[in-house]
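Q: Following this line is input.cif, made up of mmCIF, C-alpha atoms:
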```
data_entry
#
loop_
_atom_site.label_atom_id
_atom_site.label_comp_id
_atom_site.auth_asym_id
_atom_site.auth_seq_id
_atom_site.Cartn_x
_atom_site.Cartn_y
_atom_site.Cartn_z
CA MET A 1 -57.90 -60.31 -9.74
CA ALA A 2 -55.83 -57.24 -10.14
CA ASP A 3 -55.13 -55.94 -13.59
CA ARG A 4 -51.82 -56.66 -15.23
CA GLY A 5 -49.17 -54.23 -14.12
CA GLU A 6 -50.74 -53.77 -10.65
CA MET A 7 -50.64 -55.84 -7.48
CA ALA A 8 -53.50 -56.34 -5.05
CA PRO A 9 -52.91 -54.40 -1.87
CA ARG A 10 -52.46 -56.27 1.34
CA ARG A 11 -55.35 -56.20 3.71
CA GLY A 12 -54.88 -53.50 6.35
CA CYS A 13 -52.21 -51.67 4.34
CA ARG A 14 -52.56 -48.34 2.65
CA ARG A 15 -52.69 -48.56 -1.11
CA ARG A 16 -49.46 -47.21 -2.62
CA ARG A 17 -49.09 -46.03 -6.18
CA ARG A 18 -46.60 -48.02 -8.20
CA LEU A 19 -44.71 -47.00 -11.32
CA PRO A 20 -45.92 -48.85 -14.43
CA LEU A 21 -43.83 -51.81 -15.60
CA TRP A 22 -43.96 -50.67 -19.16
CA PRO A 23 -42.23 -48.67 -20.41
CA PRO A 24 -39.49 -49.20 -17.77
CA VAL A 25 -37.65 -45.93 -18.63
CA SER A 26 -39.10 -43.96 -15.72
CA ARG A 27 -38.14 -46.68 -13.22
CA ILE A 28 -34.61 -46.89 -14.56
CA LEU A 29 -34.13 -43.12 -14.39
CA TRP A 30 -35.51 -43.04 -10.84
CA ARG A 31 -33.06 -45.73 -9.73
CA LEU A 32 -30.15 -43.98 -11.41
CA TYR A 33 -31.06 -40.72 -9.71
CA GLN A 34 -31.07 -42.38 -6.26
CA ARG A 35 -27.95 -44.38 -6.93
CA PRO A 36 -24.90 -43.36 -4.86
CA PRO A 37 -21.63 -42.53 -6.66
CA VAL A 38 -19.74 -45.58 -7.84
CA ALA A 39 -16.52 -46.13 -5.92
CA HIS A 40 -13.40 -46.48 -8.03
CA LEU A 41 -12.01 -49.97 -8.18
CA PRO A 42 -8.58 -50.52 -6.60
CA GLY A 43 -5.77 -50.32 -9.09
CA ARG A 44 -7.79 -48.33 -11.57
CA LYS A 45 -6.44 -44.85 -12.32
CA ARG A 46 -8.95 -42.14 -11.53
CA LYS A 47 -9.60 -39.63 -14.24
CA ARG A 48 -8.37 -36.19 -13.23
CA LYS A 49 -11.04 -33.51 -13.18
CA SER A 50 -10.57 -30.23 -14.93
CA ASP A 51 -10.34 -27.01 -12.95
CA GLY A 52 -13.82 -26.05 -14.05
CA GLU A 53 -15.31 -29.39 -12.90
CA ALA A 54 -13.46 -29.22 -9.59
CA ALA A 55 -14.52 -25.63 -9.07
CA ARG A 56 -18.17 -26.43 -9.74
CA GLU A 57 -17.90 -29.42 -7.40
CA GLY A 58 -16.56 -27.13 -4.65
CA CYS A 59 -19.62 -24.86 -4.95
CA GLY A 60 -22.33 -27.47 -4.60
CA GLY A 61 -21.25 -30.47 -6.66
CA MET A 62 -23.76 -29.93 -9.48
CA ALA A 63 -22.93 -28.36 -12.81
CA PRO A 64 -25.63 -26.41 -14.63
CA ARG A 65 -27.60 -28.36 -17.17
CA ARG A 66 -26.47 -28.12 -20.75
CA GLY A 67 -28.32 -25.46 -22.64
CA LEU A 68 -29.39 -23.52 -19.52
CA PRO A 69 -27.63 -20.39 -18.24
CA ALA A 70 -25.36 -20.90 -15.25
CA PRO A 71 -26.44 -19.48 -11.89
CA PRO A 72 -24.84 -16.07 -11.24
CA LEU A 73 -22.41 -17.31 -8.57
CA GLU A 74 -21.25 -20.17 -10.83
CA ASP A 75 -20.51 -17.95 -13.84
CA ASP A 76 -16.76 -17.26 -13.61
CA ASP A 77 -16.88 -13.97 -15.51
CA LEU A 78 -19.83 -12.56 -13.59
CA LEU A 79 -18.47 -13.78 -10.25
CA ALA A 80 -15.09 -12.17 -10.97
CA GLU A 81 -16.79 -8.85 -11.69
CA ILE A 82 -18.60 -9.10 -8.35
CA LEU A 83 -15.43 -9.95 -6.41
CA LEU A 84 -13.53 -7.08 -8.07
CA ARG A 85 -15.84 -4.71 -6.22
CA LEU A 86 -14.87 -5.94 -2.78
CA PRO A 87 -13.21 -3.16 -0.74
CA PRO A 88 -9.40 -3.17 -1.03
CA ARG A 89 -8.91 -4.05 2.64
CA PRO A 90 -6.49 -6.82 3.67
CA SER A 91 -9.31 -9.12 4.89
CA SER A 92 -11.52 -8.91 1.77
CA LEU A 93 -9.85 -11.45 -0.51
CA PRO A 94 -8.92 -14.00 2.22
CA ARG A 95 -12.53 -14.03 3.38
CA ALA A 96 -13.74 -14.53 -0.18
CA ALA A 97 -11.22 -17.36 -0.62
CA ALA A 98 -12.71 -19.16 2.39
CA VAL A 99 -16.15 -19.51 0.75
CA CYS A 100 -15.42 -22.38 -1.66
CA ARG A 101 -12.93 -23.74 -4.15
CA LEU A 102 -14.25 -21.71 -7.07
CA TRP A 103 -13.83 -18.45 -5.20
CA ARG A 104 -10.35 -19.46 -4.03
CA LEU A 105 -9.28 -20.20 -7.59
CA LEU A 106 -10.54 -16.82 -8.76
CA VAL A 107 -9.06 -14.59 -6.03
CA SER A 108 -5.67 -16.36 -6.13
CA ASP A 109 -5.22 -15.81 -9.85
CA PRO A 110 -2.47 -13.19 -10.56
CA SER A 111 -4.55 -11.77 -13.42
CA PHE A 112 -7.40 -11.18 -10.96
CA HIS A 113 -4.96 -9.32 -8.66
CA ARG A 114 -3.98 -7.02 -11.53
CA ARG A 115 -7.63 -6.29 -12.32
CA PHE A 116 -8.37 -5.79 -8.62
CA ARG A 117 -5.62 -3.16 -8.32
CA ALA A 118 -6.64 -1.46 -11.56
CA HIS A 119 -10.26 -1.27 -10.42
CA HIS A 120 -9.48 0.36 -7.06
CA ARG A 121 -6.45 2.37 -8.27
CA GLU A 122 -5.53 3.76 -4.82
CA PRO A 123 -3.90 1.28 -2.39
CA PRO A 124 -5.01 1.40 1.26
CA LEU A 125 -2.88 2.72 4.11
CA LEU A 126 -1.61 -0.34 5.97
CA GLY A 127 0.37 1.47 8.64
CA LEU A 128 3.27 3.75 9.52
CA LEU A 129 6.97 2.92 9.51
CA GLN A 130 9.48 4.49 11.90
CA ALA A 131 13.13 4.11 12.81
CA PRO A 132 13.30 4.92 16.54
CA HIS A 133 16.69 4.30 18.10
CA TYR A 134 17.87 2.97 14.75
CA HIS A 135 15.55 0.00 14.41
CA ILE A 136 12.55 -0.34 12.09
CA SER A 137 9.07 -0.47 13.67
CA PHE A 138 5.59 -0.74 12.15
CA THR A 139 2.36 0.70 13.58
CA PRO A 140 -0.87 -0.69 12.03
CA ALA A 141 -3.39 1.87 10.78
CA MET A 142 -6.47 -0.37 10.38
CA ASP A 143 -8.98 -1.89 12.76
CA LEU A 144 -9.60 -5.60 13.08
CA PRO A 145 -9.92 -7.77 11.02
CA ASP A 146 -7.79 -5.72 8.61
CA ARG A 147 -5.03 -4.95 11.08
CA ILE A 148 -1.63 -6.23 9.96
CA PRO A 149 0.47 -7.70 12.81
CA THR A 150 3.38 -5.52 13.86
CA ALA A 151 5.89 -8.33 13.34
CA ARG A 152 4.77 -8.81 9.71
CA PHE A 153 6.94 -5.92 8.51
CA SER A 154 10.04 -6.33 10.62
CA LEU A 155 13.38 -5.94 8.89
CA ARG A 156 15.29 -9.22 8.93
CA ILE A 157 18.89 -8.11 8.49
CA PRO A 158 21.74 -8.10 11.05
CA ASP A 159 22.37 -4.35 10.80
CA ALA A 160 18.74 -3.24 11.13
CA VAL A 161 19.37 -1.82 14.61
CA SER A 162 21.64 0.84 13.10
CA SER A 163 19.52 1.76 10.09
CA TYR A 164 17.35 4.80 9.44
CA ILE A 165 14.67 5.51 6.85
CA LEU A 166 15.20 8.01 4.05
CA GLY A 167 11.87 7.47 2.32
CA CYS A 168 8.94 5.13 1.67
CA ARG A 169 7.06 5.34 -1.60
CA HIS A 170 5.16 3.00 -3.95
CA GLY A 171 5.58 -0.01 -1.66
CA ARG A 172 9.37 0.32 -1.25
CA VAL A 173 11.45 1.62 1.65
CA LEU A 174 14.84 3.31 1.27
CA LEU A 175 17.21 2.67 4.18
CA MET A 176 20.68 3.86 5.10
CA ASN A 177 23.16 2.80 7.75
CA PRO A 178 26.24 4.71 9.00
CA LYS A 179 28.22 1.48 8.66
CA TRP A 180 27.31 1.01 5.02
CA LEU A 181 28.54 2.56 1.80
CA HIS A 182 25.31 1.63 0.05
CA PHE A 183 21.57 2.17 0.13
CA LEU A 184 19.20 -0.66 0.99
CA VAL A 185 15.91 -0.88 -0.93
CA TRP A 186 13.48 -3.03 1.05
CA VAL A 187 10.08 -4.30 -0.10
CA PRO A 188 8.06 -5.02 3.06
CA MET A 189 5.33 -6.95 1.21
CA THR A 190 7.73 -9.56 -0.15
CA GLY A 191 10.83 -9.14 2.04
CA ASP A 192 13.04 -8.54 -1.01
CA GLN A 193 16.19 -6.46 -0.52
CA HIS A 194 18.36 -4.66 -3.07
CA ARG A 195 21.69 -3.04 -2.26
CA VAL A 196 22.69 0.02 -4.25
CA ALA A 197 26.26 1.27 -3.83
CA LEU A 198 26.78 4.99 -3.31
CA PRO A 199 28.08 7.03 -6.26
CA PRO A 200 31.89 6.99 -6.58
CA GLY A 201 33.71 9.53 -4.44
CA PHE A 202 31.12 9.80 -1.65
CA ASP A 203 32.85 7.69 0.97
CA GLY A 204 33.67 10.67 3.19
CA LYS A 205 37.38 10.71 2.33
CA GLU A 206 37.14 13.74 0.03
CA HIS A 207 34.80 15.69 2.33
CA LYS A 208 31.83 14.53 0.27
CA HIS A 209 29.02 13.01 2.28
CA LEU A 210 25.58 11.54 1.82
CA GLN A 211 22.96 14.07 2.88
CA ASN A 212 19.67 12.40 1.99
CA GLY A 213 17.94 10.19 -0.57
CA ALA A 214 14.60 9.22 -2.09
CA ILE A 215 12.91 6.23 -3.73
CA ALA A 216 10.33 6.17 -6.55
CA CYS A 217 8.76 3.70 -8.96
CA ALA A 218 10.12 3.97 -12.50
CA ALA A 219 7.42 2.00 -14.34
CA GLY A 220 6.57 3.90 -17.50
CA ASP A 221 3.86 1.67 -18.97
CA GLN A 222 0.54 3.36 -19.59
CA GLY A 223 -2.09 2.68 -16.97
CA HIS A 224 0.41 1.54 -14.33
CA MET A 225 -1.07 1.68 -10.82
CA HIS A 226 1.19 2.26 -7.86
CA GLY A 227 0.54 0.03 -4.88
CA ALA A 228 1.97 -3.27 -6.11
CA CYS A 229 5.21 -2.16 -7.74
CA HIS A 230 7.19 -5.05 -6.29
CA SER A 231 8.48 -6.26 -9.65
CA SER A 232 8.56 -2.89 -11.42
CA PRO A 233 11.79 -0.94 -12.00
CA PHE A 234 12.66 1.75 -9.49
CA GLN A 235 14.87 4.80 -9.08
CA VAL A 236 17.00 5.87 -6.14
CA VAL A 237 17.85 9.57 -5.88
CA PHE A 238 21.08 10.48 -4.11
CA LEU A 239 21.57 13.88 -2.46
CA GLY A 240 25.06 14.68 -1.18
CA ARG A 241 27.15 17.66 -0.22
CA SER A 242 30.61 19.04 0.11
CA PRO A 243 31.58 22.20 2.02
CA GLU A 244 30.68 24.35 -1.01
CA ARG A 245 28.30 22.40 -3.24
CA VAL A 246 25.27 20.13 -3.23
CA PHE A 247 25.18 17.06 -5.50
CA ALA A 248 22.42 14.87 -6.87
CA CYS A 249 22.06 11.95 -9.27
CA ALA A 250 19.61 9.11 -9.94
CA TYR A 251 20.14 5.35 -10.01
CA SER A 252 18.08 3.14 -12.34
CA SER A 253 17.40 -0.49 -11.47
CA GLU A 254 16.96 -1.24 -15.19
CA THR A 255 20.51 -0.18 -16.13
CA GLU A 256 21.96 -0.85 -12.63
CA ALA A 257 23.98 2.35 -12.94
CA TRP A 258 24.00 5.93 -11.66
CA GLY A 259 23.24 8.82 -13.97
CA ASN A 260 25.30 11.97 -14.38
CA LEU A 261 26.26 13.79 -11.19
CA ILE A 262 24.70 17.26 -11.01
CA SER A 263 25.83 19.98 -8.62
CA LEU A 264 25.20 23.59 -7.67
CA LEU A 265 26.46 25.96 -5.00
CA TRP A 266 24.95 25.66 -1.56
CA PRO A 267 22.21 28.25 -1.06
CA PRO A 268 23.49 30.97 1.28
CA SER A 269 22.75 30.59 5.02
CA THR A 270 21.57 26.96 4.70
CA PHE A 271 23.38 24.15 6.43
CA HIS A 272 21.92 20.74 5.74
CA VAL A 273 18.97 18.57 4.78
CA SER A 274 17.76 16.82 7.91
CA THR A 275 16.32 13.31 7.84
CA ASN A 276 13.66 14.57 10.28
CA TYR A 277 11.90 16.20 7.33
CA PRO A 278 10.91 13.49 4.80
CA ASN A 279 11.21 14.23 1.11
CA THR A 280 8.09 14.79 -0.99
CA MET A 281 7.32 13.81 -4.58
CA VAL A 282 5.15 16.21 -6.58
CA GLY A 283 4.67 15.37 -10.23
CA ASN A 284 7.97 13.86 -11.32
CA SER A 285 10.19 15.91 -9.01
CA ILE A 286 11.62 15.20 -5.55
CA TYR A 287 11.73 18.02 -2.99
CA TRP A 288 13.72 18.39 0.25
CA LEU A 289 13.63 21.07 2.93
CA LEU A 290 16.89 23.01 3.40
CA HIS A 291 17.30 24.94 6.60
CA GLY A 292 19.90 26.84 8.53
CA HIS A 293 19.53 30.58 9.14
CA ILE A 294 16.84 30.56 6.43
CA VAL A 295 14.55 27.93 4.93
CA SER A 296 14.68 26.90 1.26
CA ILE A 297 13.48 24.04 -0.93
CA ILE A 298 15.72 22.00 -3.21
CA GLN A 299 14.17 20.33 -6.25
CA PHE A 300 15.46 17.41 -8.31
CA ASP A 301 13.61 16.91 -11.60
CA LEU A 302 13.69 13.23 -12.60
CA ASP A 303 12.78 13.97 -16.23
CA ARG A 304 15.26 16.78 -16.86
CA GLN A 305 17.88 15.48 -14.40
CA SER A 306 18.33 18.97 -13.00
CA LEU A 307 18.68 20.69 -9.61
CA ALA A 308 17.03 23.93 -8.53
CA VAL A 309 16.54 25.91 -5.33
CA ILE A 310 13.17 27.47 -4.47
CA GLU A 311 12.61 30.03 -1.74
CA ALA A 312 10.07 29.22 0.94
CA PRO A 313 7.04 31.52 1.24
CA PRO A 314 8.51 34.65 2.88
CA ASP A 315 5.37 35.61 4.83
CA ALA A 316 4.25 32.16 5.81
CA PHE A 317 6.00 31.87 9.18
CA GLU A 318 8.46 33.43 11.58
CA PHE A 319 11.84 31.74 11.49
CA GLU A 320 12.21 32.07 15.26
CA ASP A 321 8.98 30.09 15.73
CA PHE A 322 10.31 27.35 13.47
CA TYR A 323 13.67 27.32 15.25
CA ASP A 324 11.98 27.13 18.69
CA GLY A 325 9.60 24.36 17.60
CA ILE A 326 6.45 26.47 17.85
CA CYS A 327 5.60 25.77 14.20
CA ASP A 328 6.54 22.95 11.84
CA LEU A 329 7.10 22.96 8.08
CA ARG A 330 6.47 20.38 5.39
CA ILE A 331 6.51 20.22 1.58
CA THR A 332 3.29 18.77 0.23
CA PRO A 333 1.33 18.50 -3.02
CA ALA A 334 -1.41 21.08 -3.62
CA ASP A 335 -4.27 20.64 -6.07
CA GLY A 336 -2.82 17.37 -7.28
CA ALA A 337 0.32 18.32 -9.22
CA GLU A 338 1.22 21.74 -7.77
CA LEU A 339 3.88 22.40 -5.16
CA GLY A 340 2.54 23.15 -1.69
CA PHE A 341 4.08 24.36 1.56
CA LEU A 342 2.45 23.43 4.87
CA VAL A 343 2.92 25.58 7.99
CA PHE A 344 1.63 23.71 11.03
CA SER A 345 1.20 25.52 14.33
CA ARG A 346 -0.48 24.59 17.57
CA THR A 347 -3.88 25.93 16.61
CA SER A 348 -4.01 25.90 12.80
CA ALA A 349 -2.43 24.64 9.57
CA GLN A 350 -1.86 26.85 6.54
CA LEU A 351 -1.39 25.45 3.05
CA TRP A 352 0.51 27.68 0.63
CA LYS A 353 0.48 26.97 -3.12
CA ARG A 354 3.02 27.87 -5.75
CA ASN A 355 1.20 29.16 -8.82
CA THR A 356 2.31 30.69 -12.09
CA ASN A 357 0.84 34.14 -12.75
CA SER A 358 -0.22 35.65 -16.08
CA VAL A 359 3.33 36.77 -16.98
CA GLY A 360 4.83 33.31 -16.32
CA VAL A 361 6.36 34.07 -12.91
CA SER A 362 5.91 31.54 -10.10
CA GLU A 363 4.77 32.91 -6.76
CA TRP A 364 3.41 31.67 -3.44
CA VAL A 365 -0.24 32.27 -2.55
CA LEU A 366 -2.15 31.22 0.55
CA GLY A 367 -4.51 28.39 -0.29
CA ASN A 368 -6.55 27.56 2.79
CA THR A 369 -6.29 27.56 6.56
CA ILE A 370 -7.49 24.73 8.79
CA GLU A 371 -8.46 25.60 12.33
CA LEU A 372 -7.59 22.78 14.72
CA LYS A 373 -9.90 23.76 17.58
CA GLU A 374 -12.07 20.67 17.25
CA LEU A 375 -8.99 18.51 16.97
CA ASN A 376 -7.31 20.17 19.95
CA ASP A 377 -10.31 19.21 22.07
CA ALA A 378 -9.42 15.56 21.39
CA PHE A 379 -5.90 16.06 22.72
CA SER A 380 -5.33 15.57 26.38
CA ARG A 381 -2.50 17.79 27.57
CA TRP A 382 0.20 18.86 25.13
CA HIS A 383 -0.08 20.21 21.64
CA PRO A 384 0.36 17.67 18.84
CA LYS A 385 3.58 16.98 16.95
CA LEU A 386 3.61 16.64 13.15
CA LEU A 387 5.39 13.37 12.31
CA GLY A 388 4.68 12.74 8.64
CA LEU A 389 2.60 13.18 5.50
CA ASP A 390 0.75 11.02 3.02
CA GLU A 391 1.52 12.81 -0.24
CA ASP A 392 -1.05 10.78 -2.22
CA ASP A 393 -4.09 11.58 -0.05
CA ASN A 394 -2.93 14.91 1.45
CA MET A 395 -2.99 13.55 4.99
CA MET A 396 -0.81 14.60 7.91
CA PHE A 397 -0.12 12.44 10.95
CA LEU A 398 -0.14 14.09 14.37
CA TRP A 399 1.29 12.55 17.52
CA THR A 400 0.05 13.42 21.02
CA SER A 401 1.54 13.01 24.47
CA ASP A 402 -0.81 10.06 25.09
CA GLU A 403 0.98 8.25 22.24
CA ASP A 404 -2.12 8.51 20.04
CA VAL A 405 -1.85 9.25 16.32
CA PHE A 406 -4.43 11.23 14.35
CA ALA A 407 -4.68 11.26 10.55
CA VAL A 408 -5.88 14.71 9.43
CA HIS A 409 -6.84 15.66 5.87
CA ILE A 410 -5.00 18.87 5.04
CA GLU A 411 -7.71 20.48 2.88
CA SER A 412 -10.94 19.37 4.57
CA GLY A 413 -9.75 19.16 8.17
CA LYS A 414 -11.47 15.80 8.72
CA PHE A 415 -9.57 13.50 11.05
CA ARG A 416 -9.62 10.03 12.56
CA LYS A 417 -7.72 8.36 15.35
CA LEU A 418 -5.54 5.38 14.45
CA PRO A 419 -6.29 2.22 16.45
CA GLU A 420 -2.72 1.59 17.65
CA LYS A 421 -0.60 3.80 19.89
CA MET A 422 2.82 4.99 18.73
CA ILE A 423 5.43 4.97 21.45
CA HIS A 424 8.17 6.96 19.72
CA ARG A 425 7.94 10.57 18.60
CA ARG A 426 9.97 10.09 15.46
CA PRO A 427 9.26 10.85 11.77
CA CYS A 428 6.85 8.33 10.28
CA TYR A 429 6.42 7.10 6.73
CA PRO A 430 3.08 5.76 5.41
CA LEU A 431 3.16 2.24 3.97
CA LYS A 432 0.49 1.89 1.29
CA SER A 433 -0.02 -1.27 -0.72
CA PHE A 434 -2.58 -3.83 -1.82
CA TYR A 435 -2.18 -6.67 0.67
CA THR A 436 -2.63 -9.93 -1.28
CA ALA A 437 -0.01 -12.02 0.53
CA ALA A 438 -2.67 -14.31 2.07
CA VAL A 439 -4.37 -15.22 -1.22
CA THR A 440 -1.47 -16.33 -3.41
CA ARG A 441 -1.89 -19.63 -5.22
CA GLU A 442 1.06 -21.21 -3.38
CA TYR A 443 -0.52 -20.41 -0.02
CA LEU A 444 -3.99 -21.66 -0.98
CA LEU A 445 -2.68 -25.00 -2.30
CA ASN A 446 -2.28 -26.02 1.33
CA VAL A 447 -5.92 -25.32 2.19
CA ILE A 448 -7.82 -26.29 -0.96
#
```
Starting from the file, give its structure as structure tokens.

A:
Amino acid sequence: MADRGEMAPRRGCRRRRRLPLWPPVSRILWRLYQRPPVAHLPGRKRKRKSDGEAAREGCGGMAPRRGLPAPPLEDDDLLAEILLRLPPRPSSLPRAAAVCRLWRLLVSDPSFHRRFRAHHREPPLLGLLQAPHYHISFTPAMDLPDRIPTARFSLRIPDAVSSYILGCRHGRVLLMNPKWLHFLVWVPMTGDQHRVALPPGFDGKEHKHLQNGAIACAAGDQGHMHGACHSSPFQVVFLGRSPERVFACAYSSETEAWGNLISLLWPPSTFHVSTNYPNTMVGNSIYWLLHGHIVSIIQFDLDRQSLAVIEAPPDAFEFEDFYDGICDLRITPADGAELGFLVFSRTSAQLWKRNTNSVGVSEWVLGNTIELKELNDAFSRWHPKLLGLDEDDNMMFLWTSDEDVFAVHIESGKFRKLPEKMIHRRPCYPLKSFYTAAVTREYLLNVI
């Protein structure tokens, strides 16, 4: 006879160990562990899970035991710190969102976006904007999978074919149209548009005309990071002229009004401010290039609301070379917050800096010279054309006859070729922003 609690094995069968009948706790726990989930009865309302329970279910279905530390990738705070260190490329957050529900919930949170921008500080260069033949075009600047489709930043307004760009800064584009009596502020990341009427009296009837303009973020909160200024206040700077004087004033989106109109006499032997030479922001001032029989710089100080004219470096270039297109000129930052003047020729680029000497007088000094021999070897036939600048990273964009575009660092001379060709040889404006359009909560609700 077999002892109580055991059964005699069948003849020819392998003896198998059985759980003891008493106490039955181990058997009950074993059955409960192997038991499949209980289906909800029809008509019974299912209890809604919290976000934390649903998130843990999406990453494996098992929550950590009570009293034990959570695994690293299930700790929300630690996981968020890891995801913050992803590179700020357009594909980083969408790829992280595709891992599981927990990751999607984290990277789609607006507070995570703010921390992500604050951690990286500098937004990436998404591409270059142009207005060839009076329509807006976009050329991507990144390789796959970070390349933004060209059609993503097309301007969806009826009069876009007659518009031209006056500036692109802090994620906003300033547009003008000969048919309009207003500026158009366009946010490519969101598609938002704001119309700003021209200052009174500049409709062309009193021989006062729009000459140029500029756009800038007006957020004054401490620690603000440019690159996602879509909801922040902005300023539009108007630059106009009459036969004798030049005018300037600033519009504030917070007050929805123009400031006081400031004017001064036209510098002698200068004619106009061409839209072929984009404005530059250094510190809190906007600069334009004035040219005619001589070359000058006009400055509008946003803090002081004042206008000033600065002479170009007298020994930096020959005016005949500039007039004949042998050399090109641009205003650029130097050493961060100093005013710089770039002279670009076929074989080299010289950066001049405006410094203040020991007696308080500002003067131009030659900073550094970049020889373009190595870069010229990459060009096929003709010498390159300077199309634009990135004032934040001190980059210049050169166009070649093969429709290739090279991004060249002004101080180091390092360069790289952009992946997309650019058909038109027109001024270009860098579009820099954190691209989080694909990881918003509204978008991810359709895929979670």

Q: As an exercise, work out the distance from atom CA of His119 of chain A to atom CA of Ser91 of chain A in Å and give it to one decimal place.

A: 17.2 Å

Q: Can you work out the spacing between atom CA of Leu339 of chain A and atom CA of Val185 of chain A in Å, to one decimal?

A: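 Answer for the atom CA of Leu339 of chain A to atom CA of Val185 of chain A separation: 26.5 Å.
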
Q: Convert the output of the PyMOL selection byres ((chain A and resi 141) around 9) on the shown file into explicit residues, formatted as a ChimeraX atom specification.

A: /A:125-128,139-140,142-143,147-148,418-420

Q: For Gly201 of chain A, which residue among A:Ile286, A:Gln235, A:Gly240, A:Trp399 is the nearest when counting all atoms listed in the file?

A: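 For Gly201 of chain A, the nearest of the given residues is A:Gly240.
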
Q: Which residues match the PyMOL selection byres ((chain A and resi 239) around 7) in the file above, as a list in words?

A: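 Matching residues under the PyMOL selection byres ((chain A and resi 239) around 7) are Leu210, Gln211, Asn212, Gly213, Val237, Phe238, Gly240, Phe247 and Ala248 of chain A.
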
Q: Please evaluate the PyMOL selection byres ((chain A and resi 403-409) around 8) against the structure above and give the resulting residues as number ranges by chain.

A: A: 393-402, 410-418, 420-424

Q: I'd like the interatomic distance between atom CA of Tyr435 of chain A and atom CA of Arg152 of chain A, to a tenth of an Å.

A: 11.6 Å

Q: I'd like to know which of A:Pro267, A:Leu86, A:Cys217, A:Leu79 is closest to Glu254 of chain A, using all atoms listed in the file.

A: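 Under the stated criterion, the closest residue is A:Cys217.
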
Q: Near Leu329 of chain A, counting all atoms listed in the file, which residues have an atom at most 12 Å away, once you skip same-chain residues fewer than 3 positions from it, shown as a PyMOL selection string?

A: chain A and resi 276-279+288-291+295-297+312-313+316-319+321-323+325-326+332+340-345+349-352+385-389+396

Q: For Arg89 of chain A, find every residue with an atom within 8 Å (counting only C-alpha atoms), except residues of its own chain fewer than 4 positions away, and show them as an MDAnalysis selection string.

A: chainID A and resid 124 146 434:435

Q: Write a file of the just-selected residues containing C-alpha atoms, as a short mmCIF file (atom, residue, chain, number, x, y, z; two decimals), in the frame of the given file.

A:
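New file part.cif:
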```cif
data_model
loop_
_atom_site.label_atom_id
_atom_site.label_comp_id
_atom_site.auth_asym_id
_atom_site.auth_seq_id
_atom_site.Cartn_x
_atom_site.Cartn_y
_atom_site.Cartn_z
CA PRO A 124 -5.01 1.40 1.26
CA ASP A 146 -7.79 -5.72 8.61
CA PHE A 434 -2.58 -3.83 -1.82
CA TYR A 435 -2.18 -6.67 0.67
#
```

Q: So which one's closest to Ile165 of chain A, A:Ala257, A:Ile215, A:Phe112, A:Phe202? Using all atoms listed in the file, please.

A: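 Looking at the shortest contact to Ile165 of chain A, the residue is A:Ile215.
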
Q: Name all residues at most 7 Å from Leu174 of chain A (count all atoms listed in the file; drop same-chain ones fewer than 3 positions away) and give them as a list in words.

A: Ile165, Leu166, Gly167, Cys168, Phe183, Leu184, Val185, Trp186, Ala214 and Ile215 of chain A

Q: Got a minute to add N, CA and C atoms to segment 140-150 of chain A and dump it as a PDB file, keeping the file's coordinate frame?

A:
```pdb
ATOM      1  N   PRO A 140       0.288  -0.470  12.902  1.00  0.00           N
ATOM      2  CA  PRO A 140      -0.870  -0.690  12.030  1.00  0.00           C
ATOM      3  C   PRO A 140      -1.811   0.512  12.049  1.00  0.00           C
ATOM      4  N   ALA A 141      -2.473   0.732  10.916  1.00  0.00           N
ATOM      5  CA  ALA A 141      -3.390   1.870  10.780  1.00  0.00           C
ATOM      6  C   ALA A 141      -4.834   1.438  10.587  1.00  0.00           C
ATOM      7  N   MET A 142      -5.116   0.121  10.628  1.00  0.00           N
ATOM      8  CA  MET A 142      -6.470  -0.370  10.380  1.00  0.00           C
ATOM      9  C   MET A 142      -6.998  -1.107  11.609  1.00  0.00           C
ATOM     10  N   ASP A 143      -8.322  -1.123  11.710  1.00  0.00           N
ATOM     11  CA  ASP A 143      -8.980  -1.890  12.760  1.00  0.00           C
ATOM     12  C   ASP A 143      -9.056  -3.360  12.371  1.00  0.00           C
ATOM     13  N   LEU A 144      -9.361  -4.198  13.361  1.00  0.00           N
ATOM     14  CA  LEU A 144      -9.600  -5.600  13.080  1.00  0.00           C
ATOM     15  C   LEU A 144     -10.846  -5.747  12.211  1.00  0.00           C
ATOM     16  N   PRO A 145     -10.892  -6.702  11.284  1.00  0.00           N
ATOM     17  CA  PRO A 145      -9.920  -7.770  11.020  1.00  0.00           C
ATOM     18  C   PRO A 145      -8.863  -7.410   9.987  1.00  0.00           C
ATOM     19  N   ASP A 146      -8.743  -6.129   9.652  1.00  0.00           N
ATOM     20  CA  ASP A 146      -7.790  -5.720   8.610  1.00  0.00           C
ATOM     21  C   ASP A 146      -6.433  -5.330   9.181  1.00  0.00           C
ATOM     22  N   ARG A 147      -6.284  -5.377  10.468  1.00  0.00           N
ATOM     23  CA  ARG A 147      -5.030  -4.950  11.080  1.00  0.00           C
ATOM     24  C   ARG A 147      -3.910  -5.937  10.786  1.00  0.00           C
ATOM     25  N   ILE A 148      -2.795  -5.404  10.262  1.00  0.00           N
ATOM     26  CA  ILE A 148      -1.630  -6.230   9.960  1.00  0.00           C
ATOM     27  C   ILE A 148      -0.788  -6.348  11.226  1.00  0.00           C
ATOM     28  N   PRO A 149      -0.361  -7.557  11.605  1.00  0.00           N
ATOM     29  CA  PRO A 149       0.470  -7.700  12.810  1.00  0.00           C
ATOM     30  C   PRO A 149       1.747  -6.882  12.712  1.00  0.00           C
ATOM     31  N   THR A 150       2.189  -6.367  13.837  1.00  0.00           N
ATOM     32  CA  THR A 150       3.380  -5.520  13.860  1.00  0.00           C
ATOM     33  C   THR A 150       4.606  -6.274  13.368  1.00  0.00           C
TER      34      THR A 150
END
```
